[in-house]
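Q: I'm passing along work_32.cif; it holds mmCIF, C-alpha atoms.
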data_structure
#
loop_
_atom_site.label_atom_id
_atom_site.label_comp_id
_atom_site.auth_asym_id
_atom_site.auth_seq_id
_atom_site.Cartn_x
_atom_site.Cartn_y
_atom_site.Cartn_z
CA MET A 1 34.63 -7.89 -18.01
CA LEU A 2 34.82 -8.59 -14.27
CA VAL A 3 35.36 -4.90 -13.60
CA PHE A 4 32.30 -3.97 -15.66
CA GLY A 5 30.30 -6.67 -13.91
CA LEU A 6 31.13 -5.17 -10.50
CA LEU A 7 30.28 -1.67 -11.64
CA ILE A 8 26.87 -2.53 -12.99
CA GLN A 9 24.03 -1.68 -10.64
CA SER A 10 20.80 -3.53 -11.03
CA VAL A 11 17.77 -1.32 -10.53
CA ALA A 12 14.83 -3.58 -10.02
CA SER A 13 12.31 -0.81 -9.48
CA SER A 14 13.13 1.17 -12.63
CA GLN A 15 11.60 0.25 -15.89
CA ILE A 16 11.72 1.68 -19.41
CA GLN A 17 8.55 3.72 -19.86
CA SER A 18 8.76 4.85 -23.48
CA VAL A 19 11.12 5.88 -26.26
CA SER A 20 11.13 9.10 -28.26
CA LEU A 21 13.05 9.57 -31.47
CA GLN A 22 13.48 12.05 -34.23
CA ALA A 23 14.05 10.92 -37.80
CA SER A 24 16.31 12.83 -40.15
CA GLY A 25 16.46 13.23 -43.90
CA LEU A 26 12.78 13.80 -44.59
CA THR A 27 10.41 16.67 -45.17
CA CYS A 28 7.26 15.09 -46.60
CA SER A 29 4.27 13.57 -44.85
CA MET A 30 4.45 10.49 -47.11
CA CYS A 31 7.97 9.87 -45.77
CA SER A 32 6.84 10.54 -42.20
CA ARG A 33 3.96 8.11 -42.58
CA ALA A 34 6.33 5.44 -43.92
CA ILE A 35 8.35 5.68 -40.68
CA TYR A 36 5.17 5.69 -38.57
CA LYS A 37 3.97 2.51 -40.31
CA SER A 38 7.38 0.89 -39.99
CA LEU A 39 7.49 1.57 -36.21
CA LYS A 40 3.85 0.60 -35.68
CA LYS A 41 4.27 -2.88 -37.16
CA LEU A 42 6.97 -3.91 -34.62
CA PRO A 43 5.50 -6.58 -32.32
CA SER A 44 6.71 -4.85 -29.14
CA VAL A 45 5.15 -1.48 -30.03
CA ALA A 46 1.76 -0.63 -28.56
CA ARG A 47 1.36 2.99 -29.63
CA VAL A 48 3.15 5.56 -31.77
CA GLN A 49 2.36 9.26 -31.43
CA GLU A 50 3.71 11.27 -34.34
CA ASP A 51 4.74 14.90 -34.54
CA ILE A 52 4.89 15.33 -38.30
CA ALA A 53 6.17 18.91 -38.20
CA HIS A 54 9.26 17.84 -36.24
CA SER A 55 9.60 14.32 -37.71
CA SER A 56 9.52 12.91 -34.19
CA TYR A 57 7.75 9.90 -32.71
CA HIS A 58 6.82 8.92 -29.17
CA ILE A 59 6.68 5.14 -28.78
CA GLN A 60 4.97 3.16 -26.04
CA PHE A 61 5.33 -0.57 -25.60
CA LYS A 62 3.24 -3.60 -24.78
CA ASP A 63 3.91 -4.75 -21.20
CA ALA A 64 4.89 -8.31 -21.83
CA GLN A 65 7.15 -7.69 -24.81
CA LYS A 66 10.84 -7.03 -24.64
CA VAL A 67 11.77 -3.67 -26.06
CA SER A 68 14.41 -3.63 -28.80
CA LEU A 69 16.03 -0.26 -29.46
CA ALA A 70 17.84 -1.81 -32.42
CA ASP A 71 14.51 -2.74 -34.00
CA LEU A 72 13.28 0.84 -33.58
CA LYS A 73 16.42 2.13 -35.31
CA LYS A 74 16.08 -0.46 -38.09
CA ALA A 75 12.44 0.54 -38.66
CA VAL A 76 13.53 4.12 -39.36
CA LEU A 77 16.38 2.99 -41.63
CA ASP A 78 14.10 0.58 -43.52
CA ALA A 79 11.70 3.41 -44.24
CA GLY A 80 14.65 5.11 -45.94
CA PHE A 81 15.73 7.62 -43.28
CA SER A 82 18.09 7.99 -40.31
CA VAL A 83 17.74 8.48 -36.56
CA ALA A 84 18.60 12.05 -35.51
CA TRP A 85 18.29 11.17 -31.81
CA MET A 86 16.69 8.55 -29.59
CA GLU A 87 15.77 9.02 -25.93
CA VAL A 88 14.72 6.33 -23.49
CA LYS A 89 12.42 7.45 -20.71
CA ALA A 90 12.80 5.36 -17.55
CA ARG A 91 11.67 5.50 -13.91
CA PHE A 92 14.38 5.72 -11.25
CA ASN A 93 14.32 5.45 -7.49
CA ASN A 94 17.31 7.21 -5.98
CA VAL A 95 19.96 5.61 -8.17
CA GLU A 96 23.46 7.05 -8.05
CA VAL A 97 25.09 7.51 -11.44
CA ALA A 98 28.30 9.11 -12.71
CA SER A 99 30.39 9.14 -15.86
CA ASP A 100 31.65 5.66 -16.67
CA SER A 101 29.16 4.03 -14.31
CA ALA A 102 26.91 1.34 -15.74
CA LEU A 103 23.28 0.72 -15.02
CA GLN A 104 21.13 -2.31 -15.65
CA LEU A 105 17.66 -1.24 -16.82
CA ASP A 106 15.27 -4.03 -17.74
CA ASP A 107 17.22 -6.06 -20.24
CA PHE A 108 19.69 -3.27 -21.09
CA THR A 109 23.03 -2.08 -19.79
CA PHE A 110 23.61 1.65 -20.08
CA PHE A 111 27.05 3.23 -19.65
CA PHE A 112 26.86 6.89 -18.64
CA VAL A 113 29.01 9.40 -20.50
CA ASP A 114 29.82 13.03 -19.69
CA ILE A 115 27.59 13.50 -16.61
CA GLN A 116 28.10 14.83 -13.08
CA LYS A 117 27.79 12.37 -10.21
CA GLN A 118 24.16 12.50 -9.12
CA ASN A 119 21.13 10.59 -7.92
CA LEU A 120 18.33 9.88 -10.39
CA ASN A 121 14.77 10.03 -9.15
CA GLY A 122 11.43 9.71 -10.90
CA GLU A 123 11.15 9.75 -14.71
CA ARG A 124 14.32 10.73 -16.54
CA LYS A 125 15.37 10.61 -20.17
CA LEU A 126 18.57 8.97 -21.40
CA LEU A 127 20.00 10.09 -24.75
CA ILE A 128 21.64 7.26 -26.66
CA LEU A 129 25.09 8.11 -28.02
CA ASP A 130 25.91 5.03 -30.07
CA LYS A 131 26.44 5.11 -33.83
CA ASP A 132 23.25 5.35 -35.95
CA TYR A 133 21.26 6.42 -32.87
CA LEU A 134 22.44 10.05 -33.00
CA LEU A 135 23.44 12.42 -35.81
CA GLU A 136 27.17 12.16 -36.49
CA LYS A 137 27.74 15.88 -35.87
CA ASP A 138 26.16 15.51 -32.40
CA ARG A 139 28.08 12.30 -31.71
CA LYS A 140 31.33 14.17 -32.36
CA LYS A 141 30.79 16.16 -29.13
CA TYR A 142 31.32 12.91 -27.25
CA ALA A 143 34.12 11.60 -29.46
CA GLY A 144 36.97 10.17 -27.44
CA THR A 145 34.93 9.93 -24.27
CA PHE A 146 33.60 6.46 -24.92
CA GLU A 147 34.91 5.25 -28.27
CA SER A 148 37.69 3.39 -26.49
CA LYS A 149 35.09 1.25 -24.77
CA SER A 150 33.40 0.34 -28.05
CA ALA A 151 34.51 -3.26 -27.55
CA ALA A 152 32.14 -3.36 -24.59
CA THR A 153 29.18 -2.41 -26.81
CA GLY A 154 27.63 -5.76 -27.44
CA GLY A 155 24.87 -5.93 -30.02
CA ASP A 156 21.59 -4.33 -29.15
CA ARG A 157 21.64 -4.63 -25.34
CA ILE A 158 24.52 -2.37 -24.29
CA PHE A 159 24.40 1.36 -24.99
CA HIS A 160 26.22 4.55 -24.08
CA VAL A 161 23.95 7.28 -22.79
CA THR A 162 24.03 10.75 -21.36
CA LEU A 163 21.46 12.90 -19.59
CA PRO A 164 20.00 15.45 -22.04
CA GLN A 165 20.32 19.11 -21.08
CA SER A 166 16.61 19.98 -21.06
CA MET B 1 -3.63 29.00 -75.42
CA LYS B 2 0.13 29.31 -75.77
CA LYS B 3 0.09 32.70 -74.06
CA PHE B 4 -2.05 31.28 -71.26
CA ILE B 5 0.42 28.46 -70.67
CA GLN B 6 3.36 30.85 -70.73
CA CYS B 7 1.65 33.09 -68.16
CA GLY B 8 0.91 30.06 -66.02
CA ILE B 9 4.53 28.98 -66.07
CA LEU B 10 5.74 32.45 -65.17
CA TRP B 11 3.28 32.53 -62.30
CA MET B 12 4.43 29.13 -61.05
CA THR B 13 8.09 30.15 -61.28
CA PHE B 14 7.25 33.24 -59.27
CA VAL B 15 5.37 31.24 -56.66
CA PHE B 16 8.40 28.93 -56.37
CA TYR B 17 10.57 31.74 -55.17
CA ILE B 18 8.22 33.66 -52.93
CA ASN B 19 6.57 30.77 -51.16
CA ILE B 20 9.53 29.38 -49.31
CA ILE B 21 8.14 26.67 -47.10
CA ARG B 22 9.45 23.15 -47.48
CA ALA B 23 11.26 21.17 -50.09
CA GLN B 24 9.65 18.34 -51.98
CA GLU B 25 11.51 15.71 -53.95
CA LEU B 26 8.75 13.43 -55.24
CA PHE B 27 9.44 14.58 -58.78
CA VAL B 28 7.04 13.97 -61.63
CA PHE B 29 9.30 13.71 -64.69
CA SER B 30 12.39 12.29 -62.99
CA GLU B 31 13.35 10.10 -60.04
CA PRO B 32 15.04 11.46 -56.89
CA ALA B 33 18.07 9.70 -55.36
CA SER B 34 15.85 8.64 -52.44
CA ASN B 35 13.96 5.39 -52.57
CA MET B 36 10.49 4.36 -51.52
CA PRO B 37 10.23 2.72 -48.07
CA ALA B 38 11.62 -0.81 -47.78
CA LYS B 39 9.13 -3.67 -48.01
CA SER B 40 6.52 -1.38 -49.54
CA LEU B 41 4.76 -1.61 -52.88
CA GLY B 42 3.76 1.24 -55.16
CA ILE B 43 1.24 1.12 -57.99
CA ARG B 44 1.40 3.83 -60.59
CA ALA B 45 -0.42 4.71 -63.82
CA SER B 46 1.13 7.42 -66.01
CA ASN B 47 -1.04 8.83 -68.79
CA TRP B 48 0.78 10.79 -71.47
CA LEU B 49 -1.29 13.02 -73.78
CA MET B 50 1.20 14.39 -76.29
CA TYR B 51 0.42 16.42 -79.38
CA ASP B 52 1.79 14.80 -82.54
CA ASN B 53 3.18 17.61 -84.72
CA THR B 54 3.52 15.46 -87.83
CA ASN B 55 0.13 13.79 -87.91
CA LYS B 56 -1.74 16.58 -86.08
CA THR B 57 -3.21 14.06 -83.64
CA LEU B 58 -3.18 13.55 -79.89
CA ASN B 59 -1.07 10.55 -78.90
CA TYR B 60 -2.17 8.69 -75.80
CA GLN B 61 0.31 6.52 -73.97
CA LEU B 62 -0.35 4.57 -70.81
CA ILE B 63 2.45 3.30 -68.59
CA PRO B 64 1.25 1.12 -65.71
CA GLU B 65 4.02 0.49 -63.20
CA ILE B 66 4.66 -1.61 -60.09
CA MET B 67 7.35 -0.34 -57.72
CA TRP B 68 8.94 -2.37 -54.95
CA GLY B 69 11.18 -1.18 -52.13
CA ALA B 70 13.37 -4.29 -51.85
CA ASN B 71 15.41 -2.84 -48.99
CA LYS B 72 16.34 0.62 -47.77
CA ASN B 73 18.80 1.09 -50.64
CA LEU B 74 17.29 -0.80 -53.57
CA MET B 75 14.04 -0.25 -55.40
CA ILE B 76 12.78 -1.95 -58.53
CA HIS B 77 10.11 -0.85 -61.02
CA LEU B 78 8.39 -3.00 -63.63
CA ASP B 79 6.42 -1.12 -66.28
CA GLY B 80 4.34 -1.77 -69.40
CA PHE B 81 4.03 0.51 -72.42
CA PHE B 82 0.70 1.01 -74.20
CA THR B 83 -0.23 3.43 -76.98
CA ASN B 84 -3.08 4.39 -79.28
CA GLN B 85 -0.73 5.04 -82.19
CA GLY B 86 -2.04 3.62 -85.43
CA GLY B 87 -5.62 4.06 -84.30
CA ASN B 88 -6.03 1.17 -81.89
CA PHE B 89 -4.94 1.01 -78.25
CA HIS B 90 -2.32 -1.71 -77.87
CA ALA B 91 0.75 -2.83 -75.90
CA VAL B 92 4.15 -2.01 -77.41
CA GLY B 93 6.56 -3.18 -74.74
CA ALA B 94 7.70 -3.54 -71.17
CA GLY B 95 10.63 -2.49 -69.04
CA ALA B 96 12.44 -2.82 -65.73
CA TYR B 97 14.14 -0.07 -63.73
CA ALA B 98 16.34 -0.43 -60.67
CA LYS B 99 17.73 2.30 -58.44
CA TYR B 100 20.35 1.79 -55.75
CA ARG B 101 21.20 4.44 -53.15
CA ILE B 102 24.97 4.61 -52.78
CA TYR B 103 25.47 7.60 -50.48
CA THR B 104 23.40 9.17 -47.72
CA ALA B 105 24.09 12.20 -45.54
CA ASP B 106 20.96 12.88 -43.48
CA ASP B 107 20.26 15.73 -41.12
CA VAL B 108 17.00 16.99 -39.64
CA ASN B 109 14.84 18.18 -42.54
CA ARG B 110 17.70 17.88 -45.01
CA HIS B 111 19.73 15.33 -46.85
CA PHE B 112 22.16 14.77 -49.68
CA ARG B 113 21.89 11.47 -51.47
CA LEU B 114 23.43 9.76 -54.47
CA ALA B 115 21.94 6.85 -56.38
CA ILE B 116 22.80 4.85 -59.48
CA TYR B 117 20.10 3.50 -61.77
CA GLY B 118 19.69 1.12 -64.65
CA ARG B 119 16.84 0.55 -67.08
CA LEU B 120 16.14 -2.23 -69.56
CA SER B 121 13.29 -1.74 -72.03
CA LEU B 122 11.74 -3.80 -74.80
CA ASN B 123 9.59 -2.06 -77.38
CA ASN B 124 8.22 -3.17 -80.76
CA SER B 125 6.85 0.11 -82.05
CA VAL B 126 8.01 1.75 -85.29
CA ILE B 127 11.03 4.04 -84.76
CA PHE B 128 10.01 7.35 -86.23
CA GLN B 129 12.18 9.93 -84.47
CA GLN B 130 15.76 10.72 -83.47
CA GLU B 131 14.91 11.06 -79.78
CA ILE B 132 15.76 7.94 -77.81
CA ASP B 133 12.99 7.31 -75.29
CA LEU B 134 13.29 4.04 -73.37
CA THR B 135 9.97 4.49 -71.59
CA ARG B 136 7.85 4.97 -74.65
CA ASN B 137 9.51 4.30 -78.00
CA ASN B 138 12.79 2.37 -77.90
CA THR B 139 14.32 -0.96 -77.00
CA GLY B 140 17.58 -0.54 -75.11
CA TYR B 141 19.22 0.12 -71.80
CA ALA B 142 20.15 3.14 -69.69
CA LEU B 143 22.65 3.63 -66.86
CA GLY B 144 22.97 6.78 -64.80
CA LEU B 145 23.63 8.72 -61.63
CA ILE B 146 21.21 10.83 -59.55
CA ALA B 147 22.20 13.43 -56.95
CA THR B 148 19.52 14.98 -54.74
CA GLN B 149 20.04 17.79 -52.26
CA LEU B 150 17.13 18.40 -49.96
CA LEU B 151 17.31 21.48 -47.79
CA HIS B 152 14.53 22.69 -45.57
CA ARG B 153 13.37 25.08 -48.25
CA GLN B 154 14.62 23.64 -51.51
CA ALA B 155 14.92 20.27 -53.19
CA ILE B 156 17.26 20.09 -56.16
CA SER B 157 17.96 16.92 -58.05
CA ALA B 158 20.22 16.30 -61.02
CA THR B 159 20.38 13.22 -63.22
CA ILE B 160 22.85 12.19 -65.88
CA GLY B 161 22.45 8.97 -67.83
CA PHE B 162 23.73 7.04 -70.80
CA ASN B 163 21.18 5.50 -73.20
CA GLN B 164 21.79 2.75 -75.75
CA ALA B 165 19.02 1.94 -78.23
CA TYR B 166 18.69 -1.24 -80.27
CA ASN B 167 16.34 -2.56 -82.94
CA ASN B 168 12.72 -2.62 -81.83
CA GLY B 169 12.42 -6.35 -82.43
CA SER B 170 13.07 -7.91 -85.84
CA GLN B 171 10.22 -5.98 -87.46
CA ASN B 172 11.27 -2.45 -86.62
CA LYS B 173 15.00 -1.99 -87.10
CA PHE B 174 16.80 0.97 -85.62
CA PRO B 175 17.27 3.35 -88.62
CA ALA B 176 20.71 2.99 -90.20
CA GLY B 177 22.88 6.06 -89.85
CA GLN B 178 20.87 7.40 -86.92
CA ALA B 179 22.62 7.86 -83.55
CA ASP B 180 21.70 4.97 -81.25
CA GLN B 181 23.43 6.37 -78.15
CA ALA B 182 22.53 9.44 -76.13
CA MET B 183 23.22 11.21 -72.87
CA ASN B 184 20.18 12.30 -70.89
CA PHE B 185 20.26 14.94 -68.21
CA SER B 186 17.72 16.57 -65.96
CA LEU B 187 17.53 19.23 -63.28
CA SER B 188 14.50 19.24 -61.00
CA THR B 189 13.27 21.36 -58.16
CA GLY B 190 10.22 21.04 -55.95
CA ARG B 191 8.39 22.78 -53.14
CA LEU B 192 5.63 21.96 -50.74
CA LEU B 193 3.09 24.80 -50.63
CA PHE B 194 0.34 23.34 -48.45
CA PRO B 195 -0.23 22.49 -45.70
CA ARG B 196 1.63 25.33 -44.04
CA GLU B 197 1.82 23.30 -40.86
CA TYR B 198 1.74 19.52 -40.59
CA ILE B 199 -0.63 18.20 -37.97
CA SER B 200 -2.08 15.05 -39.48
CA TYR B 201 -1.33 12.47 -42.17
CA LYS B 202 -4.82 13.14 -43.51
CA GLN B 203 -3.92 16.67 -44.64
CA THR B 204 -3.73 16.95 -48.42
CA ASN B 205 -0.32 18.13 -49.62
CA PHE B 206 -0.02 20.48 -52.56
CA ASN B 207 3.36 20.58 -54.25
CA LEU B 208 4.84 22.44 -57.19
CA MET B 209 7.61 21.03 -59.35
CA LEU B 210 9.70 22.52 -62.11
CA GLU B 211 11.93 20.28 -64.16
CA LEU B 212 14.35 20.71 -67.05
CA SER B 213 15.24 17.65 -69.09
CA GLY B 214 17.28 17.15 -72.19
CA GLN B 215 19.13 14.75 -74.43
CA HIS B 216 22.29 14.90 -76.48
CA LEU B 217 22.84 12.33 -79.24
CA ILE B 218 26.33 10.87 -79.10
CA GLY B 219 28.12 11.17 -82.43
CA GLU B 220 25.68 13.73 -83.76
CA ASN B 221 25.70 17.33 -82.72
CA ALA B 222 22.01 17.33 -81.90
CA GLY B 223 19.86 17.54 -78.80
CA PHE B 224 16.82 18.99 -77.13
CA LEU B 225 15.82 20.71 -73.91
CA ASP B 226 12.35 20.52 -72.35
CA LEU B 227 10.76 22.38 -69.46
CA ALA B 228 8.08 20.65 -67.41
CA PRO B 229 6.13 22.34 -64.62
CA ALA B 230 3.80 20.15 -62.58
CA VAL B 231 1.37 20.28 -59.70
CA GLN B 232 1.11 17.42 -57.25
CA PHE B 233 -1.47 16.45 -54.67
CA ILE B 234 -0.79 13.87 -51.97
CA PHE B 235 -3.89 12.50 -50.27
CA ASN B 236 -3.80 10.77 -46.89
CA SER B 237 0.03 10.69 -47.12
CA GLN B 238 -0.42 7.68 -49.38
CA THR B 239 -1.94 8.53 -52.77
CA ARG B 240 -0.37 10.89 -55.28
CA LEU B 241 -1.92 12.76 -58.20
CA ASP B 242 0.52 14.50 -60.57
CA ILE B 243 -0.48 16.80 -63.41
CA GLY B 244 2.39 18.04 -65.52
CA TYR B 245 2.86 19.85 -68.79
CA LYS B 246 6.04 19.18 -70.75
CA PHE B 247 7.10 21.40 -73.60
CA GLN B 248 10.10 21.84 -75.81
CA LEU B 249 12.33 24.83 -75.18
CA TYR B 250 14.86 23.97 -77.82
CA SER B 251 15.57 21.17 -80.28
CA ASP B 252 17.67 20.51 -83.32
CA MET B 253 16.63 16.91 -83.70
CA GLN B 254 13.52 15.26 -85.05
CA ARG B 255 10.87 14.61 -82.41
CA VAL B 256 7.29 13.62 -83.17
CA ALA B 257 5.36 14.67 -80.07
CA PRO B 258 7.43 16.73 -77.61
CA ASN B 259 4.61 18.79 -76.09
CA GLY B 260 1.76 17.63 -73.92
CA PHE B 261 0.31 16.65 -70.58
CA MET B 262 1.16 13.86 -68.20
CA ILE B 263 -1.36 12.79 -65.58
CA ARG B 264 -0.28 10.21 -63.05
CA VAL B 265 -1.93 8.44 -60.16
CA GLU B 266 0.22 6.60 -57.64
CA HIS B 267 -0.74 4.65 -54.55
CA LEU B 268 1.69 3.40 -51.92
CA LEU B 269 1.06 0.24 -49.90
CA PHE B 270 3.22 0.27 -46.75
CA ASN B 271 4.84 -2.86 -45.27
CA VAL B 272 3.42 -5.34 -47.76
CA PHE B 273 6.29 -7.81 -47.41
#
Step by step, read the file and then write its structure as structure tokens.
A:
Amino acid sequence: MLVFGLLIQSVASSQIQSVSLQASGLTCSMCSRAIYKSLKKLPSVARVQEDIAHSSYHIQFKDAQKVSLADLKKAVLDAGFSVAWMEVKARFNNVEVASDSALQLDDFTFFFVDIQKQNLNGERKLLILDKDYLLEKDRKKYAGTFESKSAATGGDRIFHVTLPQS
Amino acid sequence: MKKFIQCGILWMTFVFYINIIRAQELFVFSEPASNMPAKSLGIRASNWLMYDNTNKTLNYQLIPEIMWGANKNLMIHLDGFFTNQGGNFHAVGAGAYAKYRIYTADDVNRHFRLAIYGRLSLNNSVIFQQEIDLTRNNTGYALGLIATQLLHRQAISATIGFNQAYNNGSQNKFPAGQADQAMNFSLSTGRLLFPREYISYKQTNFNLMLELSGQHLIGENAGFLDLAPAVQFIFNSQTRLDIGYKFQLYSDMQRVAPNGFMIRVEHLLFNVF
């Protein structure tokens, strides 16, 4: 734990801007609307923009509220579906990251997986790799790279992330 | 009339296979393995207009239903059974149905799901046919399994269930010597035809369904097979209108009114609890 504590960088200037997710297992607008309603009722959510054709949702938050990624995931599951992927968009100011490095963002700790050492600037997206936040077949690409650290994944505040290709 | 219906069914079958757009699993004559959203409430009224072959009359049956998504895996229905048989419109019974999703494999725009279901029905109407129908004519219980495969372009769902019928109260005994157990099975497929592209929840959906359903009486070598095409409209991604026609393809058992229309209205209330 001490080692992780030393590795964690605190980035005061970066904040989570929004979250995008795609739901899986649905094809009808009634199902899509059920997810939309389920996300919209969360107290921390200010706005949900839906893309029905791609079953994806862009979620913005109220300033004062703490964001809970676990609540977003649960909202999709409660509507009867699964999360295909979830991306957190955050603002960075010249933060150095590398595989296995950890980053404190707002109330979250993100461990980076499978990335080159680099500096993050401006708005960047982080793809969450933890179970139930990404399709199993996509998670398999990262199998072995962070499973051994699963003991470090504590509840809904610590996540493994990578930088999406696009 | 018969020729017209046959032509209509052929046309719909044709449309099913040329208009490959998106799958739809909100079946009219059967339940998919998927559940309604958790913490939501559904209100449904099913109107059956079936032609009575014996009495040459039109039987009207109304089944009001309340559906509750208890959690993401469990949903519960409570329904009432009303009929105009005997000349006056009256209640004949009530039932409860529960469905539990036991397996889920989701992918983008596709899934495979398994669910088990159980039904308990009370009915006090006169038993006048061999067919065991726990939603309209018989007291008893049913237990079964549903498997639904939803691909981008095709939804296929299969159901198999065991039915046990009992006396319809003390007044209307189950006929002695008649099979009181049956296996039910169904095979359903559905497609979304419109809209071609989803932009808004306000777009009206138009779906086509085609379902086969049948029953085999345990202990008697008798059964039936029905075909039921249906059209479905979904308004505002919240209200459903189903219009289906069910007709007998084959039967070697006594059934009073196997052919007719079913018109259903359903409204979903999201996040009620």
Q: Name every residue that the PyMOL selection byres ((chain A and resi 90) around 8) selects in this structure, writing the answer as a list in words with chains first and numbers rising.
A: Ser14, Gln15, Ile16, Gln17, Ser18, Val88, Lys89, Arg91, Phe92, Glu123, Arg124, Lys125 and Leu126 of chain A
Q: Define the interface residues of chain A facing chain B as those within 6 Å, counting all atoms listed in the file, and report them as a list in words.
A: Ser24, Gly25, Leu26, Thr27, Ser29, Met30, Ile52, Ala53, Asp78, Ala79 and Gly80 of chain A
Q: I need the output of the PyMOL selection byres ((chain A and resi 97-100) around 8) for this file as a list in words; which residues are they?
A: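 What the PyMOL selection byres ((chain A and resi 97-100) around 8) grabs from the file is Val95, Glu96, Ser101, Ala102, Leu103, Phe111, Phe112, Val113, Asp114, Ile115, Gln116, Lys117, Gln118, Asn119 and Leu120 of chain A.
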Q: Quick one: residues within 10 Å of region 128-137 of chain A, all atoms listed in the file, excluding same-chain residues fewer than 5 positions away - as a ChimeraX atom specification?
A: /A:21-24,69-70,72-74,77,82-88,110-113,142-143,146-147,150,153,158-164 /B:105-108
Q: Using C-alpha atoms, can you write the selected residues to a file as a short mmCIF file (atom, residue, chain, number, x, y, z; two decimals), keeping the file's coordinate frame?
A:
data_model
loop_
_atom_site.label_atom_id
_atom_site.label_comp_id
_atom_site.auth_asym_id
_atom_site.auth_seq_id
_atom_site.Cartn_x
_atom_site.Cartn_y
_atom_site.Cartn_z
CA LEU A 21 13.05 9.57 -31.47
CA GLN A 22 13.48 12.05 -34.23
CA ALA A 23 14.05 10.92 -37.80
CA SER A 24 16.31 12.83 -40.15
CA LEU A 69 16.03 -0.26 -29.46
CA ALA A 70 17.84 -1.81 -32.42
CA LEU A 72 13.28 0.84 -33.58
CA LYS A 73 16.42 2.13 -35.31
CA LYS A 74 16.08 -0.46 -38.09
CA LEU A 77 16.38 2.99 -41.63
CA SER A 82 18.09 7.99 -40.31
CA VAL A 83 17.74 8.48 -36.56
CA ALA A 84 18.60 12.05 -35.51
CA TRP A 85 18.29 11.17 -31.81
CA MET A 86 16.69 8.55 -29.59
CA GLU A 87 15.77 9.02 -25.93
CA VAL A 88 14.72 6.33 -23.49
CA PHE A 110 23.61 1.65 -20.08
CA PHE A 111 27.05 3.23 -19.65
CA PHE A 112 26.86 6.89 -18.64
CA VAL A 113 29.01 9.40 -20.50
CA TYR A 142 31.32 12.91 -27.25
CA ALA A 143 34.12 11.60 -29.46
CA PHE A 146 33.60 6.46 -24.92
CA GLU A 147 34.91 5.25 -28.27
CA SER A 150 33.40 0.34 -28.05
CA THR A 153 29.18 -2.41 -26.81
CA ILE A 158 24.52 -2.37 -24.29
CA PHE A 159 24.40 1.36 -24.99
CA HIS A 160 26.22 4.55 -24.08
CA VAL A 161 23.95 7.28 -22.79
CA THR A 162 24.03 10.75 -21.36
CA LEU A 163 21.46 12.90 -19.59
CA PRO A 164 20.00 15.45 -22.04
CA ALA B 105 24.09 12.20 -45.54
CA ASP B 106 20.96 12.88 -43.48
CA ASP B 107 20.26 15.73 -41.12
CA VAL B 108 17.00 16.99 -39.64
#
Q: For CA of Pro229 (chain B) and CA of Gln149 (chain B), quote the distance in Å rounded to one decimal.
A: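 These two atoms are separated by 19.2 Å.
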